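Written out below as structure tokens is the structure these notes cover.
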Protein chains: 2
Amino acid sequence: MQNNTSDFLSWAKEKQLRIEDVLDEALPPEQQSPQTLHSAMRYSTLGGGKRVRALLSYAAAELCSTDISIADAAACAVELIHAYSLVHDDMPCMDNDDLRRGKPSCHKQYDDATALLAGDALQTLAFDVLSTPELCAQANQQISMLNILAKAAGSTGMAGGQAIDLSSVGKALNQQELEAMHSLKTGALIHAAALLGASSGSLEKIAAVSTYADNIGLAFQVIDDILDIEADTATLGKTAGKDANSNKPTYVTILGLDVAKQLAQQLYETAIDTLAPFGDEALRLRELAGFITQRSF
Amino acid sequence: MQNNTSDFLSWAKEKQLRIEDVLDEALPPEQQSPQTLHSAMRYSTLGGGKRVRALLSYAAAELCSTDISIADAAACAVELIHAYSLVHDDMPCMDNDDLRRGKPSCHKQYDDATALLAGDALQTLAFDVLSTPELCAQANQQISMLNILAKAAGSTGMAGGQAIDLSSVGKALNQQELEAMHSLKTGALIHAAALLGASSGSLEKIAAVSTYADNIGLAFQVIDDILDIEADTATLGKTAGKDANSNKPTYVTILGLDVAKQLAQQLYETAIDTLAPFGDEALRLRELAGFITQRSF
């Protein structure tokens, strides 16, 4: 068990370094005009984050024997969409958060206009990376990946979840409504991250990854809400207690801390059960589920 | 000649109605959750605009015998990118414009957060539409179209041009620098609109459309600058004299009105010359060049 954990951490570390290189390569160099825009895009993407979405892409790719260059593009595109969403989410007209990953958020480090454009261009870059000619031997697979990413990021996915989140401040949501919101806001992109990594797999494997990702995506959000209460700002790298303080409904405010923790555990177990038909091929997905639900960072 | 003009106007009107229907179909209905977001996306896209980019896609498609459903998707994706850029461009941290197409701009009609998300989701929808499975018989052609659109919209295309535009306020640009900025800010997407429409054509036709679009794209901007001075706010549907007043460099401030008009004429003629090898197949592109450079709206 100790060995497995250590193996997993080495694997995760290797993949975190790998995606950093892939992102570094995909982002235009800072010296390239327009320099401030490229600087802001790199600042907001590189050198931070747990890269949970990229790890999901890589772990699903291992289950489905997806080519590593396709996994790289999938992980990169998903992390770019995630980075864009954080940049825009932190802006004054949205969450107005000055801190991100322990550093000034993009609009504080640069300015609002630059943050707006940097987020815009990061989103575009995600589709640029995933539409690289001849990425997949089967062009139809690549079209399908692009469509999955677009649906996950758009108005009936991540952006839609943010819109519902905005309109829910100060409202008394019940658990079902909260779940619907988070399944879009956080869940859709986590789901896409795993699905894109799995895109070379059999239908059976893709279906399992899909269910796994739904459960892990929700668990991820429940734990985010728990950490928002339990962790301090320094550990979290963003302003702690912010959601609860700003009168946003969270799993903790609705369910209480203990029930929220039980829910996370239950979602974790469902995710693990889904992987039962697959042996060691699903090892990294299984370990990653543990990593995500037991994180204290 | 009178007949031709009238034919062209009928053709343009038909295509303007057609793209309106295509956009209406592509945008989620207002009743679909999140309703405010979808309402804002529809408000910012439908019922206005000259649809110059869509007309370019359709006219290039006629030259290149591109399937009408591919032309529809191309025109739709490009108009969605254009709509997103206007929504974000009008926001307070950018141009801070209250008026767009004669109506309150998106952030005035809704609020800043909704405008931010609506622009974001309009961009995503463009890639969603263009990644519709089995749009093209040749999936490789579709990948290439997606990549063209991404490169045109991103940090080395339209978004990059906006970043340069922002940083140029109050600076004394020369004509070359101004051209470089506009070739990204406006030119890149106009270029993409024509190229996407032409994507089923021969290499010779695609090359001609590319050169044509470069010249028309630049002419379009020169004329925008002329209209910014000559037209009034009611005719223009947006705040007139704004660029000149806000100390932004324009073709008129750099070249003077007469030379700017000569430049537009010269760009028009180069665009027309490029189409010389093609007969009636290029009729709509030829007429559209005239329409764009002679517009007084």
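Quick note on naming: the chains in the structure tokens go A, B, ... in the order shown, residues restart at 1 in each chain, and ligands are numbered from 1 in order of appearance.
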
How close does chain B get to chain A? List, as JSON lines, each residue of chain B within 9 Å, its nearest atom pair and the distance in Å to one decimal, counting only C-alpha atoms.
```
{"residue": "B:Pro28", "atom": "CA", "partner": "A:Ser155", "partner_atom": "CA", "distance": 8.3}
{"residue": "B:Gln32", "atom": "CA", "partner": "A:Thr156", "partner_atom": "CA", "distance": 8.9}
{"residue": "B:Ser33", "atom": "CA", "partner": "A:Thr156", "partner_atom": "CA", "distance": 7.7}
{"residue": "B:Pro34", "atom": "CA", "partner": "A:Gly160", "partner_atom": "CA", "distance": 6.0}
{"residue": "B:Thr36", "atom": "CA", "partner": "A:Ala163", "partner_atom": "CA", "distance": 8.0}
{"residue": "B:Leu37", "atom": "CA", "partner": "A:Ala163", "partner_atom": "CA", "distance": 6.5}
{"residue": "B:His38", "atom": "CA", "partner": "A:Ser155", "partner_atom": "CA", "distance": 7.4}
{"residue": "B:His88", "atom": "CA", "partner": "A:Leu116", "partner_atom": "CA", "distance": 7.7}
{"residue": "B:Met91", "atom": "CA", "partner": "A:Ala113", "partner_atom": "CA", "distance": 8.9}
{"residue": "B:Pro92", "atom": "CA", "partner": "A:Ala113", "partner_atom": "CA", "distance": 8.8}
{"residue": "B:Cys93", "atom": "CA", "partner": "A:Ala113", "partner_atom": "CA", "distance": 5.2}
{"residue": "B:Met94", "atom": "CA", "partner": "A:Ala113", "partner_atom": "CA", "distance": 5.6}
{"residue": "B:Asp111", "atom": "CA", "partner": "A:Cys93", "partner_atom": "CA", "distance": 8.6}
{"residue": "B:Asp112", "atom": "CA", "partner": "A:Cys93", "partner_atom": "CA", "distance": 5.9}
{"residue": "B:Ala113", "atom": "CA", "partner": "A:Cys93", "partner_atom": "CA", "distance": 5.2}
{"residue": "B:Thr114", "atom": "CA", "partner": "A:Ala163", "partner_atom": "CA", "distance": 7.2}
{"residue": "B:Leu116", "atom": "CA", "partner": "A:His88", "partner_atom": "CA", "distance": 7.8}
{"residue": "B:Leu117", "atom": "CA", "partner": "A:Ala159", "partner_atom": "CA", "distance": 6.3}
{"residue": "B:Ala118", "atom": "CA", "partner": "A:Ser155", "partner_atom": "CA", "distance": 8.0}
{"residue": "B:Gly119", "atom": "CA", "partner": "A:Asp120", "partner_atom": "CA", "distance": 8.7}
{"residue": "B:Asp120", "atom": "CA", "partner": "A:Asp120", "partner_atom": "CA", "distance": 6.9}
{"residue": "B:Ala121", "atom": "CA", "partner": "A:Gly154", "partner_atom": "CA", "distance": 4.9}
{"residue": "B:Leu122", "atom": "CA", "partner": "A:Gly154", "partner_atom": "CA", "distance": 7.8}
{"residue": "B:Gln123", "atom": "CA", "partner": "A:Thr124", "partner_atom": "CA", "distance": 7.9}
{"residue": "B:Thr124", "atom": "CA", "partner": "A:Gly154", "partner_atom": "CA", "distance": 5.4}
{"residue": "B:Leu125", "atom": "CA", "partner": "A:Gly154", "partner_atom": "CA", "distance": 6.4}
{"residue": "B:Ala126", "atom": "CA", "partner": "A:Ala150", "partner_atom": "CA", "distance": 8.7}
{"residue": "B:Phe127", "atom": "CA", "partner": "A:Ala150", "partner_atom": "CA", "distance": 6.3}
{"residue": "B:Asp128", "atom": "CA", "partner": "A:Ala150", "partner_atom": "CA", "distance": 5.0}
{"residue": "B:Val129", "atom": "CA", "partner": "A:Asn147", "partner_atom": "CA", "distance": 8.3}
{"residue": "B:Leu130", "atom": "CA", "partner": "A:Asn147", "partner_atom": "CA", "distance": 8.4}
{"residue": "B:Ser131", "atom": "CA", "partner": "A:Asn147", "partner_atom": "CA", "distance": 5.2}
{"residue": "B:Thr132", "atom": "CA", "partner": "A:Asn147", "partner_atom": "CA", "distance": 6.6}
{"residue": "B:Pro133", "atom": "CA", "partner": "A:Ile143", "partner_atom": "CA", "distance": 6.4}
{"residue": "B:Glu134", "atom": "CA", "partner": "A:Asn140", "partner_atom": "CA", "distance": 7.8}
{"residue": "B:Gln138", "atom": "CA", "partner": "A:Ala139", "partner_atom": "CA", "distance": 8.6}
{"residue": "B:Ala139", "atom": "CA", "partner": "A:Ala139", "partner_atom": "CA", "distance": 5.4}
{"residue": "B:Asn140", "atom": "CA", "partner": "A:Ala139", "partner_atom": "CA", "distance": 5.8}
{"residue": "B:Gln142", "atom": "CA", "partner": "A:Ile143", "partner_atom": "CA", "distance": 7.7}
{"residue": "B:Ile143", "atom": "CA", "partner": "A:Ser131", "partner_atom": "CA", "distance": 5.6}
{"residue": "B:Ser144", "atom": "CA", "partner": "A:Pro133", "partner_atom": "CA", "distance": 6.4}
{"residue": "B:Met145", "atom": "CA", "partner": "A:Ser131", "partner_atom": "CA", "distance": 8.8}
{"residue": "B:Leu146", "atom": "CA", "partner": "A:Ser131", "partner_atom": "CA", "distance": 6.1}
{"residue": "B:Asn147", "atom": "CA", "partner": "A:Ser131", "partner_atom": "CA", "distance": 5.2}
{"residue": "B:Ile148", "atom": "CA", "partner": "A:Asp128", "partner_atom": "CA", "distance": 8.4}
{"residue": "B:Leu149", "atom": "CA", "partner": "A:Asp128", "partner_atom": "CA", "distance": 8.3}
{"residue": "B:Ala150", "atom": "CA", "partner": "A:Asp128", "partner_atom": "CA", "distance": 5.0}
{"residue": "B:Lys151", "atom": "CA", "partner": "A:Asp128", "partner_atom": "CA", "distance": 6.5}
{"residue": "B:Ala153", "atom": "CA", "partner": "A:Thr124", "partner_atom": "CA", "distance": 6.7}
{"residue": "B:Gly154", "atom": "CA", "partner": "A:Ala121", "partner_atom": "CA", "distance": 4.9}
{"residue": "B:Ser155", "atom": "CA", "partner": "A:Ala121", "partner_atom": "CA", "distance": 5.3}
{"residue": "B:Thr156", "atom": "CA", "partner": "A:Pro34", "partner_atom": "CA", "distance": 7.7}
{"residue": "B:Ala159", "atom": "CA", "partner": "A:Ala121", "partner_atom": "CA", "distance": 6.2}
{"residue": "B:Gly160", "atom": "CA", "partner": "A:Pro34", "partner_atom": "CA", "distance": 6.0}
{"residue": "B:Gly161", "atom": "CA", "partner": "A:Pro34", "partner_atom": "CA", "distance": 8.0}
{"residue": "B:Gln162", "atom": "CA", "partner": "A:Leu117", "partner_atom": "CA", "distance": 7.9}
{"residue": "B:Ala163", "atom": "CA", "partner": "A:Leu37", "partner_atom": "CA", "distance": 6.5}
{"residue": "B:Ile164", "atom": "CA", "partner": "A:Pro34", "partner_atom": "CA", "distance": 6.2}
{"residue": "B:Leu166", "atom": "CA", "partner": "A:Ala113", "partner_atom": "CA", "distance": 8.2}
```

message: Just want the 12 Å neighbourhood of Lys13 in chain B, counted on only C-alpha atoms, with same-chain residues fewer than 5 positions away dropped. Output as a list in words.
response: Ser6, Asp7, Phe8, Arg18, Ile19, Glu20, Lys50, Arg51, Val52, Ala54 and Leu55 of chain B

Save the residues we just selected, C-alpha atoms, as a PDB file, in the first residue's frame?
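Okay, result14.pdb is ready:
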```
ATOM      1  CA  SER B   6     -30.429  44.605 -57.722  1.00  0.00           C
ATOM      2  CA  ASP B   7     -29.505  40.929 -58.138  1.00  0.00           C
ATOM      3  CA  PHE B   8     -26.736  41.340 -55.626  1.00  0.00           C
ATOM      4  CA  ARG B  18     -30.561  32.653 -44.056  1.00  0.00           C
ATOM      5  CA  ILE B  19     -27.757  33.304 -41.535  1.00  0.00           C
ATOM      6  CA  GLU B  20     -30.299  34.776 -39.129  1.00  0.00           C
ATOM      7  CA  LYS B  50     -24.743  43.666 -41.797  1.00  0.00           C
ATOM      8  CA  ARG B  51     -23.443  40.089 -41.604  1.00  0.00           C
ATOM      9  CA  VAL B  52     -20.499  41.012 -43.815  1.00  0.00           C
ATOM     10  CA  ALA B  54     -21.372  35.591 -43.274  1.00  0.00           C
ATOM     11  CA  LEU B  55     -21.790  37.091 -46.746  1.00  0.00           C
TER      12      LEU B  55
END
```

- prompt: as a ChimeraX atom specification, which residues of range 53-111 of chain A does DSSP assign to alpha helix (DSSP H)?
  reply: /A:53-64,68-89,106-109

Nearby residues (only C-alpha atoms) at most 12 Å from Thr66 in chain A, same-chain spacing under 3 positions excluded, as a VMD selection string: chain A and resid 57 to 63 69 to 74 135 to 137 141 194 to 202 205 to 206 281

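From CA of Ala208 in chain B back to CA of Val259 in chain B, the distance works out to 26.5 Å.
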
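Nearest to Asp224 in chain A of all the residues A:Lys261, A:Arg42, A:His191, A:Lys171 is A:Lys261, based on only C-alpha atoms.
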
- prompt: Looking at A:Ser44, A:Ser39, A:Ser10, A:Ser168, which one is nearest to Pro249 in chain A, with distances taken over only C-alpha atoms?
  reply: A:Ser168
